[in-house]
$ cat start.txt   # compact mmCIF, N, CA and C atoms
# COMPACT_ATOMS: atom_id res chain seq x y z
N MET A 1487 73.98 142.40 112.62
CA MET A 1487 73.81 143.82 112.90
C MET A 1487 75.17 144.53 112.78
N ILE A 1488 75.14 145.69 112.22
CA ILE A 1488 76.37 146.46 112.01
C ILE A 1488 76.71 147.24 113.27
N ASP A 1489 77.97 147.18 113.66
CA ASP A 1489 78.47 147.97 114.78
C ASP A 1489 78.70 149.40 114.26
N VAL A 1490 77.93 150.34 114.75
CA VAL A 1490 77.95 151.72 114.24
C VAL A 1490 79.33 152.36 114.43
N VAL A 1491 79.96 152.13 115.57
CA VAL A 1491 81.27 152.73 115.82
C VAL A 1491 82.30 152.18 114.83
N GLU A 1492 82.27 150.87 114.59
CA GLU A 1492 83.18 150.28 113.61
C GLU A 1492 82.91 150.82 112.21
N GLU A 1493 81.64 150.95 111.87
CA GLU A 1493 81.27 151.44 110.54
C GLU A 1493 81.77 152.87 110.34
N LYS A 1494 81.61 153.71 111.35
CA LYS A 1494 82.11 155.08 111.24
C LYS A 1494 83.63 155.10 111.09
N GLY A 1495 84.29 154.18 111.78
CA GLY A 1495 85.74 154.06 111.65
C GLY A 1495 86.14 153.66 110.24
N ARG A 1496 85.43 152.69 109.66
CA ARG A 1496 85.71 152.29 108.28
C ARG A 1496 85.50 153.47 107.33
N ARG A 1497 84.44 154.21 107.55
CA ARG A 1497 84.15 155.37 106.68
C ARG A 1497 85.29 156.39 106.74
N PHE A 1498 85.75 156.68 107.96
CA PHE A 1498 86.82 157.66 108.08
C PHE A 1498 88.11 157.14 107.46
N ARG A 1499 88.46 155.88 107.71
CA ARG A 1499 89.69 155.34 107.15
C ARG A 1499 89.66 155.38 105.62
N PHE A 1500 88.51 155.08 105.02
CA PHE A 1500 88.39 155.12 103.57
C PHE A 1500 88.53 156.56 103.07
N LEU A 1501 87.79 157.47 103.68
CA LEU A 1501 87.85 158.87 103.27
C LEU A 1501 89.27 159.42 103.42
N ASN A 1502 89.91 159.09 104.52
CA ASN A 1502 91.27 159.56 104.77
C ASN A 1502 92.24 159.00 103.73
N ALA A 1503 92.03 157.74 103.32
CA ALA A 1503 92.88 157.14 102.28
C ALA A 1503 92.68 157.86 100.95
N VAL A 1504 91.43 158.20 100.61
CA VAL A 1504 91.18 158.95 99.38
C VAL A 1504 91.87 160.32 99.47
N TYR A 1505 91.76 160.95 100.60
CA TYR A 1505 92.40 162.25 100.84
C TYR A 1505 93.92 162.12 100.61
N ASP A 1506 94.53 161.12 101.25
CA ASP A 1506 95.98 160.94 101.15
C ASP A 1506 96.40 160.60 99.72
N GLU A 1507 95.71 159.64 99.12
CA GLU A 1507 96.11 159.16 97.79
C GLU A 1507 95.90 160.20 96.69
N THR A 1508 94.96 161.08 96.87
CA THR A 1508 94.74 162.13 95.87
C THR A 1508 95.49 163.41 96.22
N GLY A 1509 96.14 163.43 97.38
CA GLY A 1509 96.82 164.65 97.81
C GLY A 1509 95.84 165.77 98.07
N ALA A 1510 94.62 165.42 98.45
CA ALA A 1510 93.54 166.39 98.70
C ALA A 1510 93.19 167.19 97.45
N ASN A 1511 93.55 166.66 96.30
CA ASN A 1511 93.25 167.31 95.02
C ASN A 1511 91.87 166.88 94.56
N GLU A 1512 90.96 167.80 94.48
CA GLU A 1512 89.58 167.50 94.11
C GLU A 1512 89.43 167.06 92.66
N ASP A 1513 90.45 167.26 91.84
CA ASP A 1513 90.41 166.84 90.45
C ASP A 1513 91.03 165.46 90.23
N ALA A 1514 91.68 164.91 91.25
CA ALA A 1514 92.35 163.61 91.13
C ALA A 1514 91.37 162.47 91.43
N ALA A 1515 91.74 161.27 90.99
CA ALA A 1515 90.92 160.09 91.23
C ALA A 1515 91.81 158.92 91.62
N ILE A 1516 91.24 158.01 92.37
CA ILE A 1516 91.96 156.83 92.84
C ILE A 1516 91.07 155.60 92.66
N ASN A 1517 91.69 154.47 92.39
CA ASN A 1517 90.96 153.22 92.22
C ASN A 1517 90.40 152.78 93.57
N ARG A 1518 89.09 152.74 93.69
CA ARG A 1518 88.45 152.41 94.96
C ARG A 1518 88.77 151.00 95.42
N TYR A 1519 88.98 150.07 94.48
CA TYR A 1519 89.26 148.69 94.84
C TYR A 1519 90.65 148.54 95.46
N GLU A 1520 91.58 149.38 95.04
CA GLU A 1520 92.91 149.37 95.65
C GLU A 1520 92.83 149.85 97.10
N ILE A 1521 92.00 150.85 97.35
CA ILE A 1521 91.82 151.34 98.71
C ILE A 1521 91.16 150.26 99.56
N GLU A 1522 90.11 149.65 99.06
CA GLU A 1522 89.41 148.59 99.79
C GLU A 1522 90.39 147.48 100.18
N LYS A 1523 91.21 147.07 99.22
CA LYS A 1523 92.17 145.99 99.46
C LYS A 1523 93.20 146.42 100.51
N ALA A 1524 93.74 147.62 100.35
CA ALA A 1524 94.75 148.11 101.30
C ALA A 1524 94.21 148.21 102.72
N LEU A 1525 92.92 148.56 102.83
CA LEU A 1525 92.31 148.69 104.15
C LEU A 1525 91.77 147.36 104.68
N GLY A 1526 91.75 146.33 103.83
CA GLY A 1526 91.28 145.02 104.26
C GLY A 1526 89.77 144.92 104.38
N PHE A 1527 89.03 145.73 103.62
CA PHE A 1527 87.57 145.70 103.65
C PHE A 1527 87.05 144.60 102.73
N ASP A 1528 86.03 143.88 103.19
CA ASP A 1528 85.36 142.97 102.27
C ASP A 1528 84.46 143.80 101.36
N ARG A 1529 84.02 143.21 100.27
CA ARG A 1529 83.27 143.94 99.26
C ARG A 1529 81.98 144.54 99.82
N GLU A 1530 81.27 143.81 100.66
CA GLU A 1530 80.01 144.30 101.22
C GLU A 1530 80.23 145.54 102.09
N ALA A 1531 81.22 145.47 102.97
CA ALA A 1531 81.52 146.62 103.84
C ALA A 1531 81.98 147.81 103.01
N ALA A 1532 82.81 147.54 102.02
CA ALA A 1532 83.32 148.62 101.17
C ALA A 1532 82.19 149.29 100.41
N GLU A 1533 81.25 148.51 99.92
CA GLU A 1533 80.13 149.09 99.18
C GLU A 1533 79.30 150.00 100.08
N ARG A 1534 79.05 149.57 101.31
CA ARG A 1534 78.30 150.41 102.26
C ARG A 1534 79.05 151.72 102.51
N VAL A 1535 80.36 151.62 102.70
CA VAL A 1535 81.18 152.80 102.98
C VAL A 1535 81.12 153.78 101.80
N VAL A 1536 81.33 153.27 100.60
CA VAL A 1536 81.33 154.14 99.42
C VAL A 1536 79.95 154.77 99.23
N GLN A 1537 78.90 153.99 99.38
CA GLN A 1537 77.54 154.54 99.24
C GLN A 1537 77.32 155.69 100.23
N PHE A 1538 77.73 155.49 101.47
CA PHE A 1538 77.55 156.54 102.47
C PHE A 1538 78.34 157.79 102.11
N LEU A 1539 79.62 157.62 101.80
CA LEU A 1539 80.48 158.77 101.52
C LEU A 1539 80.02 159.53 100.28
N VAL A 1540 79.56 158.82 99.26
CA VAL A 1540 79.02 159.48 98.07
C VAL A 1540 77.72 160.18 98.44
N GLY A 1541 76.86 159.50 99.18
CA GLY A 1541 75.57 160.08 99.57
C GLY A 1541 75.71 161.36 100.38
N GLU A 1542 76.74 161.42 101.19
CA GLU A 1542 76.97 162.62 102.01
C GLU A 1542 77.79 163.68 101.28
N GLY A 1543 78.22 163.39 100.06
CA GLY A 1543 78.97 164.37 99.28
C GLY A 1543 80.42 164.51 99.70
N LEU A 1544 80.98 163.48 100.36
CA LEU A 1544 82.37 163.53 100.81
C LEU A 1544 83.33 163.01 99.74
N ILE A 1545 82.86 162.06 98.93
CA ILE A 1545 83.60 161.60 97.76
C ILE A 1545 82.61 161.56 96.60
N ARG A 1546 83.15 161.38 95.39
CA ARG A 1546 82.28 161.23 94.23
C ARG A 1546 82.89 160.20 93.29
N HIS A 1547 82.02 159.55 92.54
CA HIS A 1547 82.48 158.62 91.51
C HIS A 1547 83.05 159.44 90.36
N ARG A 1548 84.24 159.08 89.94
CA ARG A 1548 84.85 159.71 88.76
C ARG A 1548 84.65 158.81 87.54
N THR A 1549 84.75 157.49 87.77
CA THR A 1549 84.42 156.47 86.78
C THR A 1549 83.75 155.35 87.57
N GLN A 1550 83.48 154.23 86.94
CA GLN A 1550 82.89 153.11 87.69
C GLN A 1550 83.84 152.60 88.76
N VAL A 1551 85.13 152.73 88.53
CA VAL A 1551 86.14 152.18 89.43
C VAL A 1551 86.82 153.25 90.27
N HIS A 1552 86.87 154.46 89.77
CA HIS A 1552 87.63 155.52 90.43
C HIS A 1552 86.73 156.48 91.22
N VAL A 1553 87.24 156.90 92.36
CA VAL A 1553 86.56 157.90 93.17
C VAL A 1553 87.50 159.06 93.42
N GLY A 1554 86.92 160.20 93.74
CA GLY A 1554 87.69 161.38 94.08
C GLY A 1554 87.09 162.04 95.31
N ILE A 1555 87.88 162.83 95.96
CA ILE A 1555 87.41 163.54 97.14
C ILE A 1555 86.75 164.84 96.72
N THR A 1556 85.76 165.25 97.47
CA THR A 1556 85.10 166.53 97.20
C THR A 1556 85.65 167.59 98.15
N HIS A 1557 85.27 168.82 97.92
CA HIS A 1557 85.68 169.90 98.81
C HIS A 1557 85.19 169.63 100.24
N VAL A 1558 83.95 169.17 100.35
CA VAL A 1558 83.39 168.85 101.67
C VAL A 1558 84.20 167.74 102.33
N GLY A 1559 84.63 166.75 101.55
CA GLY A 1559 85.46 165.67 102.08
C GLY A 1559 86.80 166.16 102.59
N VAL A 1560 87.43 167.06 101.84
CA VAL A 1560 88.70 167.63 102.28
C VAL A 1560 88.51 168.37 103.61
N VAL A 1561 87.49 169.18 103.69
CA VAL A 1561 87.22 169.95 104.90
C VAL A 1561 86.98 169.00 106.09
N GLU A 1562 86.23 167.92 105.86
CA GLU A 1562 85.92 166.97 106.94
C GLU A 1562 87.17 166.25 107.44
N VAL A 1563 88.02 165.78 106.53
CA VAL A 1563 89.26 165.11 106.95
C VAL A 1563 90.14 166.08 107.71
N GLU A 1564 90.30 167.28 107.20
CA GLU A 1564 91.18 168.24 107.86
C GLU A 1564 90.65 168.65 109.23
N ALA A 1565 89.35 168.74 109.37
CA ALA A 1565 88.76 169.05 110.68
C ALA A 1565 89.02 167.91 111.65
N ALA A 1566 88.89 166.68 111.17
CA ALA A 1566 89.08 165.51 112.03
C ALA A 1566 90.52 165.37 112.50
N VAL A 1567 91.48 165.57 111.60
CA VAL A 1567 92.87 165.39 112.00
C VAL A 1567 93.44 166.61 112.71
N SER A 1568 92.85 167.76 112.51
CA SER A 1568 93.30 168.97 113.20
C SER A 1568 92.95 168.95 114.68
N LYS A 1569 91.83 168.33 115.00
CA LYS A 1569 91.39 168.23 116.39
C LYS A 1569 91.01 166.77 116.66
N PRO A 1570 92.03 165.90 116.81
CA PRO A 1570 91.78 164.46 116.90
C PRO A 1570 91.01 164.01 118.14
N ASP A 1571 90.89 164.86 119.13
CA ASP A 1571 90.15 164.50 120.34
C ASP A 1571 88.69 164.92 120.27
N GLU A 1572 88.30 165.58 119.17
CA GLU A 1572 86.93 166.07 119.04
C GLU A 1572 86.21 165.39 117.88
N PRO A 1573 84.93 165.11 118.04
CA PRO A 1573 84.18 164.53 116.92
C PRO A 1573 83.90 165.59 115.86
N THR A 1574 83.64 165.12 114.65
CA THR A 1574 83.20 166.01 113.58
C THR A 1574 81.73 165.70 113.31
N HIS A 1575 81.18 166.33 112.32
CA HIS A 1575 79.78 166.07 111.98
C HIS A 1575 79.56 164.59 111.63
N TYR A 1576 80.53 163.96 110.96
CA TYR A 1576 80.36 162.58 110.49
C TYR A 1576 81.08 161.53 111.30
N PHE A 1577 82.12 161.92 112.04
CA PHE A 1577 82.99 160.92 112.64
C PHE A 1577 83.25 161.18 114.13
N PRO A 1578 83.48 160.08 114.88
CA PRO A 1578 83.90 160.25 116.26
C PRO A 1578 85.35 160.77 116.27
N PRO A 1579 85.87 161.13 117.43
CA PRO A 1579 87.26 161.61 117.47
C PRO A 1579 88.21 160.62 116.80
N VAL A 1580 89.14 161.15 116.01
CA VAL A 1580 90.09 160.33 115.28
C VAL A 1580 90.90 159.46 116.24
N ASN A 1581 91.20 159.97 117.43
CA ASN A 1581 91.96 159.18 118.39
C ASN A 1581 91.23 157.89 118.76
N ILE A 1582 89.92 157.91 118.73
CA ILE A 1582 89.13 156.71 119.03
C ILE A 1582 89.16 155.76 117.83
N ILE A 1583 89.08 156.32 116.64
CA ILE A 1583 89.08 155.51 115.41
C ILE A 1583 90.40 154.79 115.26
N ASN A 1584 91.49 155.49 115.51
CA ASN A 1584 92.82 154.89 115.33
C ASN A 1584 93.19 154.14 116.58

$ encode --input "start.txt" --output "structure tokens"
Amino acid sequence: MIDVVEEKGRRFRFLNAVYDETGANEDAAINRYEIEKALGFDREAAERVVQFLVGEGLIRHRTQVHVGITHVGVVEVEAAVSKPDEPTHYFPPVNIIN
């Protein structure tokens, strides 16, 4: 069984990495496998995270290997880090995740 709190943490860490690596540029793309490796995610967990983030419109596939952040993703990351003690629509407070 998946721990929901851990899963939400993985989702935020991945989204935040895409945000950082692309400089919040919606036209930029980053290799998703490099992010997975840097975050220490196994392939199964990473696939669930990417599917969720794409499904919610927070990131998008740019190629089979590359992903990019969407406008909604930028807004979500900035809301989360601007008020780290408050949850967002998708994530618990960042202070809890970190």

$ residues_around --input "start.txt" --residues "Glu1542 of chain A" --least-positions-apart "5" --cutoff "12 Å" --atoms "only C-alpha atoms" --output "list of chain:residue names"
A:Arg1497, A:Leu1501, A:Val1535, A:Val1536, A:Gln1537, A:Ile1555, A:Thr1556, A:His1557, A:Val1558, A:Gly1559, A:Glu1562, A:His1575, A:Tyr1576

$ select_by_dssp --input "start.txt" --residues "segment 1543-1578 of chain A" --states "strand (DSSP E)" --output "ChimeraX atom specification"
/A:1545-1547,1552-1555

$ closest_residue --input "start.txt" --among "A:Val1560, A:Gly1495, A:Leu1525, A:Val1580" --to "Ile1545 of chain A" --atoms "all atoms listed in the file"
A:Val1560

$ atom_distance --input "start.txt" --atom1 "atom CA of Ala1515 of chain A" --atom2 "atom N of Lys1494 of chain A"
23.1 Å

$ atom_distance --input "start.txt" --atom1 "atom C of Val1563 of chain A" --atom2 "atom C of Asn1502 of chain A"
8.4 Å

$ residues_near_point --input "start.txt" --point "(91.6, 148.5, 94.4)" --cutoff "12 Å" --atoms "only C-alpha atoms" --output "PyMOL selection string"
chain A and resi 1500+1503-1504+1516-1529+1532+1550-1553

$ select_by_dssp --input "start.txt" --residues "chain A" --states "helix (DSSP H, G or I)" --output "ChimeraX atom specification"
/A:1490-1508,1518-1525,1529-1541,1557-1568,1580-1583

$ atom_distance --input "start.txt" --atom1 "atom C of Gly1554 of chain A" --atom2 "atom C of Phe1577 of chain A"
19.2 Å

$ closest_residue --input "start.txt" --among "A:Ala1565, A:Asn1511, A:Ala1531, A:Thr1574" --to "Glu1492 of chain A" --atoms "only C-alpha atoms"
A:Ala1531

$ decode --input "start.txt" --residues "segment 1532-1577 of chain A" --atoms "N, CA and C atoms" --output "PDB file, in the first residue's frame"
ATOM      1  N   ALA A1532       8.627   6.749  -9.654  1.00  0.00           N
ATOM      2  CA  ALA A1532       8.780   7.875 -10.579  1.00  0.00           C
ATOM      3  C   ALA A1532       7.669   7.879 -11.624  1.00  0.00           C
ATOM      4  N   GLU A1533       7.326   6.716 -12.120  1.00  0.00           N
ATOM      5  CA  GLU A1533       6.268   6.641 -13.130  1.00  0.00           C
ATOM      6  C   GLU A1533       4.931   7.114 -12.553  1.00  0.00           C
ATOM      7  N   ARG A1534       4.624   6.699 -11.326  1.00  0.00           N
ATOM      8  CA  ARG A1534       3.385   7.161 -10.678  1.00  0.00           C
ATOM      9  C   ARG A1534       3.390   8.679 -10.525  1.00  0.00           C
ATOM     10  N   VAL A1535       4.521   9.221 -10.105  1.00  0.00           N
ATOM     11  CA  VAL A1535       4.638  10.669  -9.897  1.00  0.00           C
ATOM     12  C   VAL A1535       4.426  11.414 -11.211  1.00  0.00           C
ATOM     13  N   VAL A1536       5.111  10.982 -12.253  1.00  0.00           N
ATOM     14  CA  VAL A1536       4.992  11.659 -13.553  1.00  0.00           C
ATOM     15  C   VAL A1536       3.563  11.551 -14.078  1.00  0.00           C
ATOM     16  N   GLN A1537       2.960  10.381 -13.975  1.00  0.00           N
ATOM     17  CA  GLN A1537       1.576  10.215 -14.438  1.00  0.00           C
ATOM     18  C   GLN A1537       0.645  11.181 -13.715  1.00  0.00           C
ATOM     19  N   PHE A1538       0.805  11.297 -12.406  1.00  0.00           N
ATOM     20  CA  PHE A1538      -0.050  12.202 -11.638  1.00  0.00           C
ATOM     21  C   PHE A1538       0.160  13.650 -12.072  1.00  0.00           C
ATOM     22  N   LEU A1539       1.416  14.081 -12.117  1.00  0.00           N
ATOM     23  CA  LEU A1539       1.705  15.475 -12.442  1.00  0.00           C
ATOM     24  C   LEU A1539       1.249  15.838 -13.852  1.00  0.00           C
ATOM     25  N   VAL A1540       1.412  14.927 -14.799  1.00  0.00           N
ATOM     26  CA  VAL A1540       0.917  15.164 -16.156  1.00  0.00           C
ATOM     27  C   VAL A1540      -0.608  15.196 -16.141  1.00  0.00           C
ATOM     28  N   GLY A1541      -1.216  14.245 -15.453  1.00  0.00           N
ATOM     29  CA  GLY A1541      -2.675  14.173 -15.394  1.00  0.00           C
ATOM     30  C   GLY A1541      -3.315  15.413 -14.802  1.00  0.00           C
ATOM     31  N   GLU A1542      -2.634  16.018 -13.851  1.00  0.00           N
ATOM     32  CA  GLU A1542      -3.159  17.236 -13.220  1.00  0.00           C
ATOM     33  C   GLU A1542      -2.758  18.505 -13.966  1.00  0.00           C
ATOM     34  N   GLY A1543      -1.981  18.363 -15.029  1.00  0.00           N
ATOM     35  CA  GLY A1543      -1.582  19.526 -15.825  1.00  0.00           C
ATOM     36  C   GLY A1543      -0.486  20.361 -15.191  1.00  0.00           C
ATOM     37  N   LEU A1544       0.297  19.772 -14.284  1.00  0.00           N
ATOM     38  CA  LEU A1544       1.379  20.504 -13.620  1.00  0.00           C
ATOM     39  C   LEU A1544       2.682  20.423 -14.407  1.00  0.00           C
ATOM     40  N   ILE A1545       2.888  19.314 -15.107  1.00  0.00           N
ATOM     41  CA  ILE A1545       4.001  19.171 -16.043  1.00  0.00           C
ATOM     42  C   ILE A1545       3.437  18.584 -17.331  1.00  0.00           C
ATOM     43  N   ARG A1546       4.257  18.601 -18.386  1.00  0.00           N
ATOM     44  CA  ARG A1546       3.837  17.976 -19.633  1.00  0.00           C
ATOM     45  C   ARG A1546       5.041  17.291 -20.268  1.00  0.00           C
ATOM     46  N   HIS A1547       4.755  16.258 -21.034  1.00  0.00           N
ATOM     47  CA  HIS A1547       5.804  15.586 -21.796  1.00  0.00           C
ATOM     48  C   HIS A1547       6.197  16.495 -22.952  1.00  0.00           C
ATOM     49  N   ARG A1548       7.483  16.710 -23.100  1.00  0.00           N
ATOM     50  CA  ARG A1548       7.995  17.467 -24.249  1.00  0.00           C
ATOM     51  C   ARG A1548       8.512  16.492 -25.308  1.00  0.00           C
ATOM     52  N   THR A1549       9.127  15.400 -24.846  1.00  0.00           N
ATOM     53  CA  THR A1549       9.530  14.273 -25.688  1.00  0.00           C
ATOM     54  C   THR A1549       9.266  13.037 -24.842  1.00  0.00           C
ATOM     55  N   GLN A1550       9.676  11.874 -25.311  1.00  0.00           N
ATOM     56  CA  GLN A1550       9.499  10.666 -24.495  1.00  0.00           C
ATOM     57  C   GLN A1550      10.298  10.745 -23.208  1.00  0.00           C
ATOM     58  N   VAL A1551      11.409  11.444 -23.237  1.00  0.00           N
ATOM     59  CA  VAL A1551      12.322  11.506 -22.094  1.00  0.00           C
ATOM     60  C   VAL A1551      12.237  12.831 -21.345  1.00  0.00           C
ATOM     61  N   HIS A1552      11.860  13.881 -22.028  1.00  0.00           N
ATOM     62  CA  HIS A1552      11.889  15.219 -21.439  1.00  0.00           C
ATOM     63  C   HIS A1552      10.498  15.688 -20.992  1.00  0.00           C
ATOM     64  N   VAL A1553      10.496  16.383 -19.866  1.00  0.00           N
ATOM     65  CA  VAL A1553       9.268  16.994 -19.360  1.00  0.00           C
ATOM     66  C   VAL A1553       9.511  18.477 -19.154  1.00  0.00           C
ATOM     67  N   GLY A1554       8.424  19.222 -19.139  1.00  0.00           N
ATOM     68  CA  GLY A1554       8.488  20.649 -18.875  1.00  0.00           C
ATOM     69  C   GLY A1554       7.389  21.033 -17.901  1.00  0.00           C
ATOM     70  N   ILE A1555       7.571  22.146 -17.272  1.00  0.00           N
ATOM     71  CA  ILE A1555       6.574  22.628 -16.319  1.00  0.00           C
ATOM     72  C   ILE A1555       5.515  23.434 -17.064  1.00  0.00           C
ATOM     73  N   THR A1556       4.310  23.381 -16.573  1.00  0.00           N
ATOM     74  CA  THR A1556       3.225  24.169 -17.164  1.00  0.00           C
ATOM     75  C   THR A1556       3.016  25.428 -16.329  1.00  0.00           C
ATOM     76  N   HIS A1557       2.183  26.317 -16.832  1.00  0.00           N
ATOM     77  CA  HIS A1557       1.859  27.518 -16.077  1.00  0.00           C
ATOM     78  C   HIS A1557       1.228  27.150 -14.727  1.00  0.00           C
ATOM     79  N   VAL A1558       0.335  26.173 -14.754  1.00  0.00           N
ATOM     80  CA  VAL A1558      -0.314  25.720 -13.516  1.00  0.00           C
ATOM     81  C   VAL A1558       0.729  25.167 -12.544  1.00  0.00           C
ATOM     82  N   GLY A1559       1.729  24.453 -13.064  1.00  0.00           N
ATOM     83  CA  GLY A1559       2.803  23.929 -12.226  1.00  0.00           C
ATOM     84  C   GLY A1559       3.625  25.026 -11.585  1.00  0.00           C
ATOM     85  N   VAL A1560       3.941  26.062 -12.354  1.00  0.00           N
ATOM     86  CA  VAL A1560       4.682  27.199 -11.807  1.00  0.00           C
ATOM     87  C   VAL A1560       3.888  27.852 -10.677  1.00  0.00           C
ATOM     88  N   VAL A1561       2.621  28.092 -10.914  1.00  0.00           N
ATOM     89  CA  VAL A1561       1.763  28.719  -9.910  1.00  0.00           C
ATOM     90  C   VAL A1561       1.709  27.861  -8.641  1.00  0.00           C
ATOM     91  N   GLU A1562       1.596  26.541  -8.803  1.00  0.00           N
ATOM     92  CA  GLU A1562       1.501  25.636  -7.652  1.00  0.00           C
ATOM     93  C   GLU A1562       2.787  25.628  -6.827  1.00  0.00           C
ATOM     94  N   VAL A1563       3.938  25.555  -7.484  1.00  0.00           N
ATOM     95  CA  VAL A1563       5.215  25.578  -6.754  1.00  0.00           C
ATOM     96  C   VAL A1563       5.373  26.902  -6.029  1.00  0.00           C
ATOM     97  N   GLU A1564       5.097  27.996  -6.702  1.00  0.00           N
ATOM     98  CA  GLU A1564       5.275  29.304  -6.074  1.00  0.00           C
ATOM     99  C   GLU A1564       4.318  29.510  -4.903  1.00  0.00           C
ATOM    100  N   ALA A1565       3.117  28.984  -5.010  1.00  0.00           N
ATOM    101  CA  ALA A1565       2.173  29.068  -3.889  1.00  0.00           C
ATOM    102  C   ALA A1565       2.681  28.253  -2.712  1.00  0.00           C
ATOM    103  N   ALA A1566       3.230  27.082  -2.985  1.00  0.00           N
ATOM    104  CA  ALA A1566       3.719  26.203  -1.923  1.00  0.00           C
ATOM    105  C   ALA A1566       4.921  26.796  -1.195  1.00  0.00           C
ATOM    106  N   VAL A1567       5.861  27.358  -1.938  1.00  0.00           N
ATOM    107  CA  VAL A1567       7.060  27.890  -1.286  1.00  0.00           C
ATOM    108  C   VAL A1567       6.842  29.281  -0.701  1.00  0.00           C
ATOM    109  N   SER A1568       5.858  30.000  -1.198  1.00  0.00           N
ATOM    110  CA  SER A1568       5.551  31.325  -0.655  1.00  0.00           C
ATOM    111  C   SER A1568       4.921  31.248   0.726  1.00  0.00           C
ATOM    112  N   LYS A1569       4.156  30.188   0.952  1.00  0.00           N
ATOM    113  CA  LYS A1569       3.497  29.990   2.246  1.00  0.00           C
ATOM    114  C   LYS A1569       3.764  28.553   2.691  1.00  0.00           C
ATOM    115  N   PRO A1570       5.002  28.278   3.155  1.00  0.00           N
ATOM    116  CA  PRO A1570       5.405  26.903   3.450  1.00  0.00           C
ATOM    117  C   PRO A1570       4.652  26.229   4.596  1.00  0.00           C
ATOM    118  N   ASP A1571       3.945  26.994   5.386  1.00  0.00           N
ATOM    119  CA  ASP A1571       3.183  26.411   6.495  1.00  0.00           C
ATOM    120  C   ASP A1571       1.748  26.082   6.110  1.00  0.00           C
ATOM    121  N   GLU A1572       1.375  26.403   4.870  1.00  0.00           N
ATOM    122  CA  GLU A1572      -0.005  26.174   4.426  1.00  0.00           C
ATOM    123  C   GLU A1572      -0.053  25.160   3.289  1.00  0.00           C
ATOM    124  N   PRO A1573      -1.071  24.316   3.276  1.00  0.00           N
ATOM    125  CA  PRO A1573      -1.208  23.373   2.153  1.00  0.00           C
ATOM    126  C   PRO A1573      -1.674  24.103   0.897  1.00  0.00           C
ATOM    127  N   THR A1574      -1.412  23.474  -0.237  1.00  0.00           N
ATOM    128  CA  THR A1574      -1.950  23.976  -1.502  1.00  0.00           C
ATOM    129  C   THR A1574      -3.017  22.990  -1.959  1.00  0.00           C
ATOM    130  N   HIS A1575      -3.544  23.212  -3.120  1.00  0.00           N
ATOM    131  CA  HIS A1575      -4.558  22.299  -3.650  1.00  0.00           C
ATOM    132  C   HIS A1575      -4.013  20.869  -3.773  1.00  0.00           C
ATOM    133  N   TYR A1576      -2.736  20.724  -4.155  1.00  0.00           N
ATOM    134  CA  TYR A1576      -2.160  19.408  -4.404  1.00  0.00           C
ATOM    135  C   TYR A1576      -1.254  18.882  -3.317  1.00  0.00           C
ATOM    136  N   PHE A1577      -0.698  19.766  -2.487  1.00  0.00           N
ATOM    137  CA  PHE A1577       0.362  19.345  -1.582  1.00  0.00           C
ATOM    138  C   PHE A1577       0.122  19.796  -0.139  1.00  0.00           C
TER     139      PHE A1577
END
